[in-house]
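S.K.: Pasting coords-v2.cif below, which is mmCIF, C-alpha atoms.
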```cif
data_protein
loop_
_atom_site.label_atom_id
_atom_site.label_comp_id
_atom_site.auth_asym_id
_atom_site.auth_seq_id
_atom_site.Cartn_x
_atom_site.Cartn_y
_atom_site.Cartn_z
CA MET A 382 24.06 27.12 -45.98
CA PRO A 383 27.78 27.66 -45.26
CA SER A 384 29.94 28.39 -48.28
CA VAL A 385 31.78 25.69 -50.26
CA ALA A 386 35.08 26.91 -48.84
CA VAL A 387 33.79 26.48 -45.27
CA LYS A 388 32.50 22.99 -46.05
CA LEU A 389 35.84 21.91 -47.54
CA TYR A 390 37.80 23.41 -44.67
CA SER A 391 35.49 21.64 -42.24
CA VAL A 392 36.33 18.23 -43.76
CA PHE A 393 40.07 18.74 -43.34
CA PHE A 394 39.58 20.30 -39.90
CA LYS A 395 37.66 17.28 -38.64
CA LEU A 396 40.23 14.81 -39.98
CA LEU A 397 43.05 16.70 -38.30
CA LEU A 398 41.11 17.13 -35.06
CA LYS A 399 40.25 13.43 -34.94
CA HIS A 400 43.91 12.50 -35.36
CA ARG A 401 45.01 14.90 -32.63
CA LEU A 402 42.35 13.74 -30.17
CA GLN A 403 43.17 10.08 -30.71
CA SER A 404 46.88 10.78 -30.25
CA ARG A 405 46.19 12.20 -26.79
CA VAL A 406 44.23 9.27 -25.39
CA ASP A 407 47.30 7.88 -23.63
CA ALA A 408 48.74 11.21 -22.47
CA ALA A 409 50.22 11.07 -18.98
CA ALA A 410 48.56 12.98 -16.16
CA ASP A 411 50.34 16.18 -15.19
CA GLU A 412 49.12 18.27 -12.27
CA PHE A 413 51.20 21.27 -13.36
CA GLY A 414 49.60 20.98 -16.79
CA ILE A 415 49.97 22.68 -20.13
CA THR A 416 48.00 25.61 -21.55
CA SER A 417 48.79 25.31 -25.27
CA ARG A 418 49.75 22.79 -27.92
CA PRO A 419 52.95 23.04 -30.01
CA GLU A 420 51.05 22.64 -33.29
CA GLU A 421 48.94 25.77 -32.67
CA SER A 422 50.08 29.15 -33.96
CA THR A 423 50.47 31.81 -31.29
CA ALA A 424 50.63 35.59 -31.34
CA PRO A 425 53.52 37.11 -29.38
CA ALA A 426 52.69 39.56 -26.62
CA ASN A 427 53.39 43.21 -27.40
CA PRO A 428 53.50 45.56 -24.38
CA SER A 429 53.77 48.62 -26.64
CA PHE A 430 50.76 50.01 -28.46
CA PRO A 431 50.72 48.88 -32.10
CA ALA A 432 48.58 50.45 -34.79
CA ASP A 433 45.38 48.98 -33.35
CA GLY A 434 46.01 50.65 -29.98
CA VAL A 435 45.96 47.46 -27.88
CA ALA A 436 48.95 46.40 -25.78
CA THR A 437 49.35 42.85 -24.47
CA LYS A 438 51.39 41.05 -21.85
CA ASP A 439 51.56 37.47 -20.56
CA ILE A 440 51.83 36.62 -16.88
CA HIS A 441 52.00 33.37 -14.92
CA ILE A 442 49.99 33.66 -11.70
CA ASP A 443 50.21 30.25 -9.99
CA PRO A 444 53.58 28.68 -9.08
CA LEU A 445 51.95 25.26 -8.67
CA THR A 446 50.27 25.08 -12.09
CA SER A 447 50.72 26.39 -15.63
CA LEU A 448 47.76 28.78 -15.23
CA SER A 449 48.57 31.97 -17.13
CA LEU A 450 46.90 35.12 -18.39
CA ARG A 451 47.18 37.41 -21.39
CA ILE A 452 46.09 40.96 -20.58
CA PHE A 453 44.80 43.20 -23.38
CA LEU A 454 44.96 46.91 -22.54
CA PRO A 455 43.55 49.69 -24.74
CA ASP A 456 45.69 52.79 -25.12
CA PRO A 457 44.92 54.99 -22.07
CA PHE A 458 45.52 58.09 -24.20
CA HIS A 459 42.61 57.17 -26.41
CA GLU A 460 39.33 58.76 -25.45
CA ALA A 461 36.64 56.43 -24.22
CA ARG A 462 33.95 55.44 -26.67
CA PRO A 463 30.46 56.75 -26.03
CA THR A 464 28.57 54.30 -23.82
CA SER A 465 25.14 55.64 -24.60
CA VAL A 466 23.59 53.24 -27.07
CA LYS A 467 19.85 53.15 -27.45
CA THR A 468 18.41 49.79 -28.40
CA THR A 469 14.78 48.80 -28.41
CA PHE A 470 13.45 45.24 -28.40
CA SER A 471 10.12 43.58 -27.86
CA SER A 472 8.64 43.83 -24.38
CA ASN A 473 7.96 40.09 -24.35
CA PRO A 474 10.29 38.73 -21.58
CA ASP A 475 10.30 35.24 -23.09
CA LEU A 476 11.48 36.41 -26.49
CA SER A 477 14.70 34.88 -27.79
CA LEU A 478 16.49 37.52 -29.83
CA ARG A 479 17.32 35.92 -33.16
CA ALA A 480 19.55 37.93 -35.45
CA ASN A 481 21.12 37.39 -38.84
CA GLY A 482 23.73 40.03 -38.17
CA LEU A 483 23.09 42.94 -35.85
CA PHE A 484 20.25 43.25 -33.35
CA ALA A 485 17.10 44.10 -35.21
CA GLY A 486 16.43 47.78 -34.88
CA ALA A 487 19.69 48.49 -33.07
CA SER A 488 21.69 51.59 -33.78
CA THR A 489 25.08 52.55 -32.42
CA VAL A 490 26.85 55.83 -32.14
CA ALA A 491 30.06 55.93 -34.15
CA PRO A 492 32.97 56.14 -31.74
CA ASP A 493 35.07 59.27 -31.62
CA ARG A 494 38.58 58.14 -30.73
CA ARG A 495 41.69 60.27 -31.06
CA SER A 496 45.11 58.77 -30.56
CA TYR A 497 47.72 60.44 -28.36
CA GLU A 498 50.69 61.37 -30.49
CA GLY A 499 52.90 62.92 -27.85
CA PRO A 500 56.56 62.06 -27.33
CA GLY A 501 57.23 58.47 -26.42
CA SER A 502 53.71 57.28 -27.13
CA ALA A 503 55.03 54.27 -29.03
CA ALA A 504 57.14 53.08 -26.11
CA ALA A 505 56.23 50.00 -24.14
CA TYR A 506 53.61 50.94 -21.58
CA ARG A 507 54.20 49.54 -18.11
CA GLY A 508 51.00 50.73 -16.50
CA TYR A 509 52.41 52.87 -13.70
CA LEU A 510 50.75 56.17 -12.90
CA PRO A 511 52.84 59.29 -13.63
CA SER A 512 53.66 61.67 -10.80
CA PRO A 513 50.68 63.84 -9.75
CA GLY A 514 52.14 66.95 -11.39
CA ILE A 515 52.05 65.45 -14.88
CA ARG A 516 49.21 62.99 -14.57
CA HIS A 517 47.09 62.90 -17.69
CA GLN A 518 43.36 62.53 -17.14
CA ALA A 519 43.40 59.38 -19.27
CA PHE A 520 45.30 57.57 -16.55
CA SER A 521 42.50 58.10 -14.06
CA ARG A 522 40.03 56.37 -16.34
CA ARG A 523 38.94 53.03 -14.88
CA LEU A 524 37.97 50.40 -17.41
CA PRO A 525 35.64 47.40 -17.03
CA VAL A 526 37.24 43.97 -17.20
CA ILE A 527 36.20 41.04 -19.39
CA LEU A 528 37.46 37.64 -18.27
CA GLN A 529 37.65 35.50 -21.41
CA PHE A 530 37.87 31.70 -21.63
CA HIS A 531 38.89 30.28 -25.02
CA GLY A 532 37.40 27.26 -26.76
CA GLY A 533 38.91 24.02 -27.99
CA GLY A 534 36.94 21.23 -26.35
CA PHE A 535 39.04 21.40 -23.15
CA VAL A 536 41.88 19.63 -25.00
CA SER A 537 43.21 22.28 -27.38
CA GLY A 538 43.18 26.00 -27.97
CA SER A 539 45.12 28.68 -26.15
CA ASN A 540 44.66 32.14 -24.73
CA THR A 541 47.65 33.25 -26.81
CA SER A 542 46.64 31.64 -30.11
CA THR A 543 46.52 33.86 -33.19
CA ALA A 544 42.74 33.49 -33.47
CA ASN A 545 42.07 34.18 -29.79
CA ASP A 546 44.40 37.16 -29.84
CA PHE A 547 42.53 38.63 -32.82
CA PHE A 548 39.13 38.04 -31.20
CA CYS A 549 40.15 39.61 -27.88
CA ARG A 550 41.59 42.66 -29.62
CA ARG A 551 38.30 43.06 -31.48
CA ILE A 552 36.38 43.00 -28.19
CA VAL A 553 38.78 45.49 -26.58
CA LYS A 554 38.32 47.97 -29.43
CA LEU A 555 34.55 47.61 -29.57
CA LEU A 556 33.99 48.00 -25.83
CA ASP A 557 37.04 49.98 -24.63
CA VAL A 558 37.67 47.45 -21.86
CA ILE A 559 40.52 45.42 -20.44
CA VAL A 560 40.31 41.79 -21.58
CA ILE A 561 42.02 39.08 -19.55
CA ALA A 562 42.30 35.87 -21.58
CA VAL A 563 42.73 32.86 -19.30
CA GLY A 564 45.21 30.13 -20.18
CA TYR A 565 43.64 27.28 -18.24
CA ARG A 566 45.11 23.77 -18.05
CA LEU A 567 44.18 21.43 -20.89
CA ALA A 568 43.03 17.81 -20.83
CA PRO A 569 43.88 14.97 -20.81
CA GLU A 570 47.05 15.99 -18.95
CA SER A 571 44.85 17.88 -16.47
CA ARG A 572 41.32 16.50 -16.35
CA TYR A 573 38.24 17.90 -14.65
CA PRO A 574 38.11 19.91 -12.44
CA ALA A 575 41.47 21.49 -13.34
CA ALA A 576 40.19 23.97 -15.97
CA PHE A 577 37.20 24.91 -13.79
CA ASP A 578 39.43 25.40 -10.74
CA ASP A 579 41.70 27.61 -12.83
CA GLY A 580 38.74 29.81 -13.68
CA ILE A 581 37.76 30.45 -10.08
CA ASN A 582 41.42 30.83 -9.05
CA VAL A 583 41.75 33.71 -11.52
CA LEU A 584 38.76 35.39 -9.90
CA HIS A 585 40.36 35.10 -6.46
CA TRP A 586 43.64 36.40 -7.90
CA LEU A 587 41.81 39.44 -9.28
CA ALA A 588 40.28 40.12 -5.85
CA LYS A 589 43.74 39.95 -4.30
CA GLN A 590 45.08 42.31 -6.97
CA ALA A 591 42.35 44.83 -6.27
CA ASN A 592 43.06 44.79 -2.54
CA LEU A 593 46.83 45.08 -3.00
CA ALA A 594 46.34 48.02 -5.36
CA GLU A 595 44.02 49.72 -2.89
CA CYS A 596 46.55 49.20 -0.11
CA ASN A 597 49.27 50.83 -2.19
CA ARG A 598 47.01 53.74 -3.12
CA SER A 599 46.06 54.31 0.51
CA ILE A 600 49.68 54.58 1.58
CA GLY A 601 50.59 56.64 -1.47
CA ASN A 602 47.82 59.15 -0.73
CA HIS A 603 48.78 59.53 2.94
CA ARG A 604 49.70 63.07 3.86
CA GLY A 605 51.53 64.37 6.93
CA GLY A 606 53.14 62.33 9.71
CA ASP A 607 56.72 61.31 10.14
CA ALA A 608 58.46 60.95 6.78
CA ARG A 609 60.77 58.23 8.07
CA LYS A 610 57.76 56.23 9.32
CA MET A 611 56.09 56.60 5.92
CA ASP A 612 59.26 55.37 4.18
CA THR A 613 59.22 52.31 6.44
CA GLN A 614 55.58 51.61 5.63
CA ARG A 615 56.28 51.94 1.93
CA HIS A 616 59.18 49.52 2.26
CA ILE A 617 56.98 46.94 4.00
CA VAL A 618 54.33 47.19 1.31
CA ASP A 619 56.95 46.98 -1.42
CA ALA A 620 58.45 43.89 0.20
CA PHE A 621 55.22 42.00 0.76
CA GLY A 622 52.74 43.37 -1.76
CA ALA A 623 53.94 45.65 -4.54
CA ALA A 624 56.13 42.99 -6.12
CA THR A 625 53.00 40.99 -6.86
CA VAL A 626 50.80 43.90 -7.95
CA GLU A 627 49.96 43.77 -11.65
CA PRO A 628 50.53 47.42 -12.69
CA TRP A 629 48.19 47.50 -15.67
CA LEU A 630 45.27 46.33 -13.57
CA ALA A 631 46.22 48.50 -10.59
CA ALA A 632 46.28 51.59 -12.79
CA HIS A 633 43.29 51.00 -15.04
CA ALA A 634 40.97 48.14 -13.99
CA ASP A 635 37.54 48.59 -12.45
CA LEU A 636 36.88 45.11 -11.10
CA SER A 637 33.44 46.08 -9.83
CA ARG A 638 32.39 45.85 -13.51
CA CYS A 639 33.57 42.38 -14.50
CA VAL A 640 32.02 40.38 -17.35
CA LEU A 641 32.65 36.69 -18.09
CA LEU A 642 32.94 35.67 -21.75
CA GLY A 643 33.25 32.00 -22.63
CA VAL A 644 33.78 30.49 -26.08
CA SER A 645 32.56 26.90 -26.69
CA CYS A 646 33.93 24.87 -23.73
CA GLY A 647 35.05 28.19 -22.27
CA ALA A 648 31.35 29.01 -21.88
CA ASN A 649 31.01 25.99 -19.58
CA ILE A 650 33.90 27.35 -17.50
CA ALA A 651 32.41 30.86 -17.45
CA ASP A 652 29.06 29.53 -16.25
CA PHE A 653 30.80 27.57 -13.48
CA VAL A 654 32.81 30.65 -12.44
CA ALA A 655 29.60 32.71 -12.30
CA ARG A 656 28.03 30.17 -9.93
CA LYS A 657 31.11 30.02 -7.69
CA ALA A 658 31.32 33.82 -7.63
CA PHE A 659 27.81 33.97 -6.20
CA GLU A 660 28.66 31.33 -3.59
CA ALA A 661 31.84 33.19 -2.61
CA GLY A 662 29.89 36.41 -2.03
CA LYS A 663 31.87 39.11 -0.25
CA LEU A 664 35.01 36.99 -0.22
CA LEU A 665 35.62 38.25 -3.76
CA ASP A 666 35.09 41.94 -2.96
CA PRO A 667 35.57 44.24 -4.79
CA VAL A 668 35.21 41.92 -7.80
CA LYS A 669 31.63 41.89 -9.10
CA ILE A 670 30.33 39.74 -11.95
CA VAL A 671 27.77 41.97 -13.66
CA ALA A 672 27.04 39.76 -16.70
CA GLN A 673 28.24 36.80 -18.73
CA VAL A 674 28.35 35.93 -22.44
CA LEU A 675 28.14 32.27 -23.48
CA MET A 676 29.20 31.80 -27.10
CA TYR A 677 27.95 28.47 -28.50
CA PRO A 678 28.30 26.60 -25.17
CA PHE A 679 29.76 23.09 -25.16
CA PHE A 680 26.70 21.62 -23.45
CA ILE A 681 25.56 18.01 -23.78
CA GLY A 682 23.26 15.60 -21.93
CA ASN A 683 22.13 11.97 -21.84
CA ALA A 684 18.73 12.79 -23.33
CA PRO A 685 19.45 14.07 -26.86
CA THR A 686 17.82 17.26 -28.12
CA GLN A 687 16.42 17.67 -31.62
CA SER A 688 19.52 19.48 -32.86
CA GLU A 689 21.77 16.79 -31.36
CA ILE A 690 19.94 14.22 -33.48
CA LYS A 691 19.48 16.25 -36.64
CA LEU A 692 22.91 17.95 -36.72
CA ALA A 693 25.06 15.22 -35.17
CA ASN A 694 27.40 15.27 -38.18
CA SER A 695 27.59 19.05 -38.39
CA TYR A 696 30.53 21.15 -39.51
CA PHE A 697 33.91 21.33 -37.71
CA TYR A 698 32.88 19.88 -34.33
CA ASP A 699 30.55 16.92 -34.90
CA LYS A 700 29.03 15.01 -32.01
CA THR A 701 31.37 12.00 -32.26
CA MET A 702 34.42 14.25 -31.99
CA CYS A 703 32.99 16.17 -29.05
CA ILE A 704 32.16 12.96 -27.19
CA LEU A 705 35.82 11.96 -27.53
CA ALA A 706 36.82 15.36 -26.14
CA TRP A 707 34.53 14.81 -23.14
CA LYS A 708 36.11 11.38 -22.57
CA LEU A 709 39.52 13.04 -22.49
CA PHE A 710 38.31 15.76 -20.13
CA LEU A 711 36.18 13.95 -17.54
CA PRO A 712 37.80 11.38 -15.21
CA GLU A 713 36.79 7.85 -16.23
CA GLU A 714 34.88 7.27 -12.99
CA GLU A 715 32.88 10.49 -13.51
CA PHE A 716 32.12 10.15 -17.22
CA ASP A 717 28.48 11.05 -17.69
CA PHE A 718 26.84 13.43 -20.16
CA ASP A 719 24.68 14.68 -17.30
CA HIS A 720 27.80 15.66 -15.38
CA PRO A 721 27.47 19.18 -13.85
CA ALA A 722 30.26 20.37 -16.16
CA ALA A 723 28.36 19.15 -19.23
CA ASN A 724 24.65 19.66 -18.58
CA PRO A 725 23.53 22.92 -16.91
CA LEU A 726 19.89 21.78 -16.72
CA MET A 727 20.23 18.96 -14.22
CA PRO A 728 17.79 19.13 -11.25
CA GLY A 729 19.19 20.27 -7.93
CA ARG A 730 21.84 22.48 -9.44
CA GLN A 731 23.27 25.00 -6.98
CA PRO A 732 22.98 27.90 -6.66
CA PRO A 733 19.43 28.26 -8.06
CA LEU A 734 19.23 29.77 -11.54
CA LYS A 735 17.61 32.95 -10.22
CA PHE A 736 20.97 33.97 -8.74
CA MET A 737 22.82 33.78 -12.07
CA PRO A 738 24.02 37.06 -13.62
CA PRO A 739 22.45 38.42 -16.83
CA THR A 740 23.45 35.95 -19.55
CA LEU A 741 23.69 36.50 -23.29
CA THR A 742 23.85 33.26 -25.30
CA VAL A 743 25.14 33.08 -28.88
CA VAL A 744 24.24 30.06 -31.02
CA ALA A 745 24.88 29.00 -34.61
CA GLU A 746 22.24 27.60 -36.95
CA HIS A 747 24.31 24.55 -37.93
CA ASP A 748 25.61 23.64 -34.47
CA TRP A 749 24.32 20.41 -32.92
CA MET A 750 24.73 21.90 -29.40
CA ARG A 751 22.43 24.86 -30.05
CA ASP A 752 19.14 23.50 -28.64
CA ARG A 753 20.51 22.83 -25.17
CA ALA A 754 22.04 26.30 -25.02
CA ILE A 755 18.69 27.83 -26.01
CA ALA A 756 16.90 25.68 -23.42
CA TYR A 757 19.28 26.92 -20.73
CA SER A 758 18.48 30.53 -21.66
CA GLU A 759 14.78 29.76 -21.50
CA GLU A 760 15.16 28.39 -17.97
CA LEU A 761 17.03 31.53 -16.93
CA ARG A 762 14.28 33.75 -18.33
CA LYS A 763 11.65 31.77 -16.39
CA VAL A 764 13.27 32.99 -13.16
CA ASN A 765 13.53 36.58 -14.45
CA VAL A 766 17.20 36.57 -15.42
CA ASP A 767 17.97 38.76 -18.43
CA ALA A 768 18.98 35.98 -20.85
CA PRO A 769 18.52 36.79 -24.55
CA VAL A 770 19.62 34.41 -27.30
CA LEU A 771 21.31 35.45 -30.52
CA GLU A 772 21.11 32.88 -33.31
CA TYR A 773 23.02 33.50 -36.54
CA LYS A 774 21.85 32.04 -39.83
CA ASP A 775 24.14 29.96 -42.05
CA THR A 776 26.78 29.71 -39.33
CA VAL A 777 28.67 26.88 -37.62
CA HIS A 778 30.15 26.22 -34.19
CA GLU A 779 32.87 28.81 -33.40
CA PHE A 780 31.87 30.91 -36.44
CA ALA A 781 33.03 34.11 -34.69
CA THR A 782 36.28 32.78 -33.19
CA LEU A 783 37.71 30.14 -35.56
CA ASP A 784 40.79 31.37 -37.41
CA MET A 785 39.34 30.90 -40.90
CA LEU A 786 36.06 32.63 -40.05
CA LEU A 787 37.24 35.59 -37.95
CA LYS A 788 36.93 38.13 -40.76
CA THR A 789 33.54 37.08 -42.06
CA PRO A 790 30.60 39.50 -41.82
CA GLN A 791 28.86 37.19 -39.34
CA ALA A 792 31.89 37.18 -37.02
CA GLN A 793 32.13 40.97 -37.07
CA ALA A 794 28.37 41.35 -36.57
CA CYS A 795 28.42 38.91 -33.65
CA ALA A 796 31.17 40.86 -31.87
CA GLU A 797 29.25 44.11 -32.40
CA ASP A 798 26.05 42.56 -31.07
CA ILE A 799 27.86 41.32 -27.98
CA ALA A 800 29.29 44.79 -27.43
CA ILE A 801 25.83 46.39 -27.63
CA TRP A 802 24.43 44.07 -24.97
CA VAL A 803 27.47 44.17 -22.66
CA LYS A 804 27.51 47.98 -22.62
CA LYS A 805 24.20 47.87 -20.85
CA TYR A 806 25.87 46.32 -17.79
CA ILE A 807 29.26 48.04 -17.78
CA SER A 808 28.05 51.58 -18.35
CA THR A 809 28.79 53.90 -15.43
CA ARG A 810 25.69 55.88 -16.33
CA GLY A 811 23.31 53.07 -15.49
CA HIS A 812 21.09 51.11 -17.86
CA GLU A 813 20.81 53.04 -21.10
CA PHE A 814 19.02 50.32 -23.03
CA SER A 815 15.35 49.44 -23.14
CA TYR A 816 13.50 46.25 -24.01
#
```
Represent the supplied structure as structure tokens.

M.R.:
Amino acid sequence: MPSVAVKLYSVFFKLLLKHRLQSRVDAAADEFGITSRPEESTAPANPSFPADGVATKDIHIDPLTSLSLRIFLPDPFHEARPTSVKTTFSSNPDLSLRANGLFAGASTVAPDRRSYEGPGSAAAYRGYLPSPGIRHQAFSRRLPVILQFHGGGFVSGSNTSTANDFFCRRIVKLLDVIVIAVGYRLAPESRYPAAFDDGINVLHWLAKQANLAECNRSIGNHRGGDARKMDTQRHIVDAFGAATVEPWLAAHADLSRCVLLGVSCGANIADFVARKAFEAGKLLDPVKIVAQVLMYPFFIGNAPTQSEIKLANSYFYDKTMCILAWKLFLPEEEFDFDHPAANPLMPGRQPPLKFMPPTLTVVAEHDWMRDRAIAYSEELRKVNVDAPVLEYKDTVHEFATLDMLLKTPQAQACAEDIAIWVKKYISTRGHEFSY
């Protein structure tokens, strides 16, 4: 069972959440939207590399909405962590991996990371490549990208919150990746499909970024020809493209190794983005979704599962509170627990499940939404999608991402378990894991 401190905190959390949800019932619609609430603590962006070796910056990518991103970049002068991690599981393809901590039988190689202590290393890093004569090999290192969607029941939470900032930094350090935390529009000011549209818009923005960066590199690598003509070409690119190029991503991102990571309601968004990415096909080139991680998805349906009945009054996010969040998120004329945004198991869903990327699902023992998330993973496995489930004992919804619980052993173990599985799909050496 959760500790006494967690139980007490849950009581106060639910009272406060109920008050905040009820106060937003009459909020006016706003197409531009908001991505954070004033009562939530936020972590300021820091484009220099602090002690943990992770720089951050915030950017606004859509002039018509409040959609924003926080980019987390590991120090390029740090050596990459070893990606070879040998893990062995049962050969049974229908096995749900249940762990009370780390994967059973998993072992990881301790990372060997050395910080660069040269002159100016503490200065704000802008992401531009040095001139060829002084280019350090670290700058040529291309890092996978994790697109992260925060939780909060579609009505609260933020990509810049203190808790989300801590969690994303933890993932960056464990995986040596770039994390892009999405600040999608919140309900009820921006109801469905605003948050889902924001998710797919970020994916299209990333594809545009990759193509702009490639265009700049192609011109920059051109040799020979008339120098004046080259200067003109550079000017045209600078005028129409370079001003919108995100330098950190242009210098370091490998968007052919992109992973979606959704927390609570963010898992619903991630799953939607994965489906739309498949439908878009080559329109998103060179962006490739190689896997997704769904952390305690915010799924629900008209036919209640056993956990929805037994754990309806569970810790932090009970069923009554979540139903109110869904009422604030879905338009009144579309309110239905079997809505495509709420229930992933509805018949006729497109595209078919067999086209979904490998999907790791994390569930908590005392979470009333757990059974539907497990059922979704089972359906994915039936069509041969790699879809393990990690269930953590004595845990609650958002046990690895809620501010009070971020430093618990279960939260740390969960992040490490996610890293072990994700490395299988972002490794440039191919699949180094076995089942």

S.K.: Using all atoms listed in the file, which of the listed residues (A:Phe393, A:Arg566, A:Asn540, A:Asn545) sits closest to Leu445 in chain A?

M.R.: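 Distance minimum relative to Leu445 in chain A lands on A:Arg566.
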
S.K.: Starting from the displayed file, determine the output of the PyMOL selection byres ((chain A and resi 526) around 6) and express the residue list as a ChimeraX atom specification.

M.R.: /A:525,527,558-560,639

S.K.: Could you state which residues are captured by the PyMOL selection byres ((chain A and resi 691) around 12) in this file, as a PDB file with C-alpha atoms, in the frame of the given file?

M.R.:
```
ATOM      1  CA  PRO A 685      19.450  14.070 -26.860  1.00  0.00           C
ATOM      2  CA  THR A 686      17.820  17.260 -28.120  1.00  0.00           C
ATOM      3  CA  GLN A 687      16.420  17.670 -31.620  1.00  0.00           C
ATOM      4  CA  SER A 688      19.520  19.480 -32.860  1.00  0.00           C
ATOM      5  CA  GLU A 689      21.770  16.790 -31.360  1.00  0.00           C
ATOM      6  CA  ILE A 690      19.940  14.220 -33.480  1.00  0.00           C
ATOM      7  CA  LEU A 692      22.910  17.950 -36.720  1.00  0.00           C
ATOM      8  CA  ALA A 693      25.060  15.220 -35.170  1.00  0.00           C
ATOM      9  CA  ASN A 694      27.400  15.270 -38.180  1.00  0.00           C
ATOM     10  CA  SER A 695      27.590  19.050 -38.390  1.00  0.00           C
ATOM     11  CA  ASP A 699      30.550  16.920 -34.900  1.00  0.00           C
ATOM     12  CA  LYS A 700      29.030  15.010 -32.010  1.00  0.00           C
ATOM     13  CA  GLU A 746      22.240  27.600 -36.950  1.00  0.00           C
ATOM     14  CA  HIS A 747      24.310  24.550 -37.930  1.00  0.00           C
ATOM     15  CA  ASP A 748      25.610  23.640 -34.470  1.00  0.00           C
ATOM     16  CA  TRP A 749      24.320  20.410 -32.920  1.00  0.00           C
ATOM     17  CA  MET A 750      24.730  21.900 -29.400  1.00  0.00           C
ATOM     18  CA  ARG A 751      22.430  24.860 -30.050  1.00  0.00           C
ATOM     19  CA  ASP A 752      19.140  23.500 -28.640  1.00  0.00           C
TER      20      ASP A 752
END
```

S.K.: Quick one: distance from CA of Gly682 in chain A to CA of Glu779 in chain A in Å, one decimal?

M.R.: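 Taking CA of Gly682 in chain A as the start and CA of Glu779 in chain A as the end point, the length is 20.0 Å.
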
S.K.: Which of these, A:Phe697, A:Pro738, A:Ile552, A:Leu630, has the shortest distance to Ala794 in chain A once you count only C-alpha atoms?

M.R.: A:Ile552

S.K.: Separation of CA of Leu642 in chain A and CA of Val671 in chain A, in Å?

M.R.: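 About the pair CA of Leu642 in chain A and CA of Val671 in chain A: they are 11.5 Å apart.
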
S.K.: Go through A:Leu675, A:Met737, A:Leu524, A:Ile801 and flag the residue nearest Gly647 in chain A, using all atoms listed in the file for the distances.

M.R.: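 The answer is A:Leu675, which sits nearest to Gly647 in chain A.
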
S.K.: Take CA of Lys804 in chain A and CA of Ala781 in chain A and report the distance between them in Å, one decimal.

M.R.: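 About the pair CA of Lys804 in chain A and CA of Ala781 in chain A: they are 19.2 Å apart.
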
S.K.: Mind listing whatever residues come within 7 Å of the point (27.9, 22.2, -24.7)? Use all atoms listed in the file, file coordinates, and give them as a PyMOL selection string.

M.R.: chain A and resi 645-646+678-681+723+750

S.K.: Select, from A:Arg550, A:Arg522, A:Arg572, A:Arg418, the residue with the minimum atom-to-atom distance to Leu709 in chain A, counting all atoms listed in the file.

M.R.: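 Of the candidates, the smallest distance to Leu709 in chain A is held by A:Arg572.
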
S.K.: For the file shown, report as an MDAnalysis selection string the outcome of the PyMOL selection byres ((chain A and resi 446) around 7) at residue level.

M.R.: chainID A and resid 412:414 443:445 447:448

S.K.: Convert the current residue selection to file output with C-alpha atoms, as a short mmCIF file (atom, residue, chain, number, x, y, z; two decimals), in the coordinates of the input.

M.R.:
```cif
data_model
loop_
_atom_site.label_atom_id
_atom_site.label_comp_id
_atom_site.auth_asym_id
_atom_site.auth_seq_id
_atom_site.Cartn_x
_atom_site.Cartn_y
_atom_site.Cartn_z
CA GLU A 412 49.12 18.27 -12.27
CA PHE A 413 51.20 21.27 -13.36
CA GLY A 414 49.60 20.98 -16.79
CA ASP A 443 50.21 30.25 -9.99
CA PRO A 444 53.58 28.68 -9.08
CA LEU A 445 51.95 25.26 -8.67
CA SER A 447 50.72 26.39 -15.63
CA LEU A 448 47.76 28.78 -15.23
#
```

S.K.: Given all atoms listed in the file as the basis, pick out the residue of A:Pro455, A:Gly662, A:Gly643, A:Gly532 nearest to Arg551 in chain A.

M.R.: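 The answer is A:Pro455, which sits nearest to Arg551 in chain A.
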
S.K.: Which residues of range 669-783 of chain A come within 12 Å of range 397-400 of chain A, and for each one, what is the closest pair of atoms and their distance in Å to one decimal, counting all atoms listed in the file, sorted by chain and residue number, as CSV?

M.R.:
```
residue,atom,partner,partner_atom,distance
A:Phe697,CA,A:Leu398,CA,8.7
A:Tyr698,CA,A:Leu398,CA,8.7
A:Asp699,CA,A:Lys399,CA,10.3
A:Lys700,CA,A:Lys399,CA,11.7
A:Thr701,CA,A:Lys399,CA,9.4
A:Met702,CA,A:Lys399,CA,6.6
A:Cys703,CA,A:Lys399,CA,9.7
A:Ile704,CA,A:Lys399,CA,11.2
A:Leu705,CA,A:Lys399,CA,8.8
A:Ala706,CA,A:Lys399,CA,9.6
```

S.K.: Skipping near chain neighbours, those fewer than 2 positions away, what residues fall within 8 Å of range 755-760 of chain A using all atoms listed in the file, listed as an MDAnalysis selection string?

M.R.: chainID A and resid 475 725:726 734 740 742 744 751:753 762:764 768:770

S.K.: Nearest residue to Lys554 in chain A out of A:Asp433, A:Asp719, A:Asp578, A:Asp439, using all atoms listed in the file?

M.R.: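 Using all atoms listed in the file, Lys554 in chain A sits closest to A:Asp433.
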
S.K.: Please provide as a list of chain:residue names all residues within 10 Å of Asp546 in chain A, with the sequence filter that same-chain residues fewer than 6 positions apart are discarded (counting all atoms listed in the file).

M.R.: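 Answer for this query is A:Thr423, A:Ala424, A:Pro425, A:Ala426, A:Thr437, A:Arg451, A:Phe453, A:Ser539, A:Asn540, A:Ala562, A:Thr782.
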
S.K.: Output C-alpha atoms of each residue in that selection to a file, as a CSV table (one decimal), in the frame of the given file.

M.R.:
```csv
chain,number,residue,atom,x,y,z
A,423,THR,CA,50.5,31.8,-31.3
A,424,ALA,CA,50.6,35.6,-31.3
A,425,PRO,CA,53.5,37.1,-29.4
A,426,ALA,CA,52.7,39.6,-26.6
A,437,THR,CA,49.4,42.8,-24.5
A,451,ARG,CA,47.2,37.4,-21.4
A,453,PHE,CA,44.8,43.2,-23.4
A,539,SER,CA,45.1,28.7,-26.2
A,540,ASN,CA,44.7,32.1,-24.7
A,562,ALA,CA,42.3,35.9,-21.6
A,782,THR,CA,36.3,32.8,-33.2
```
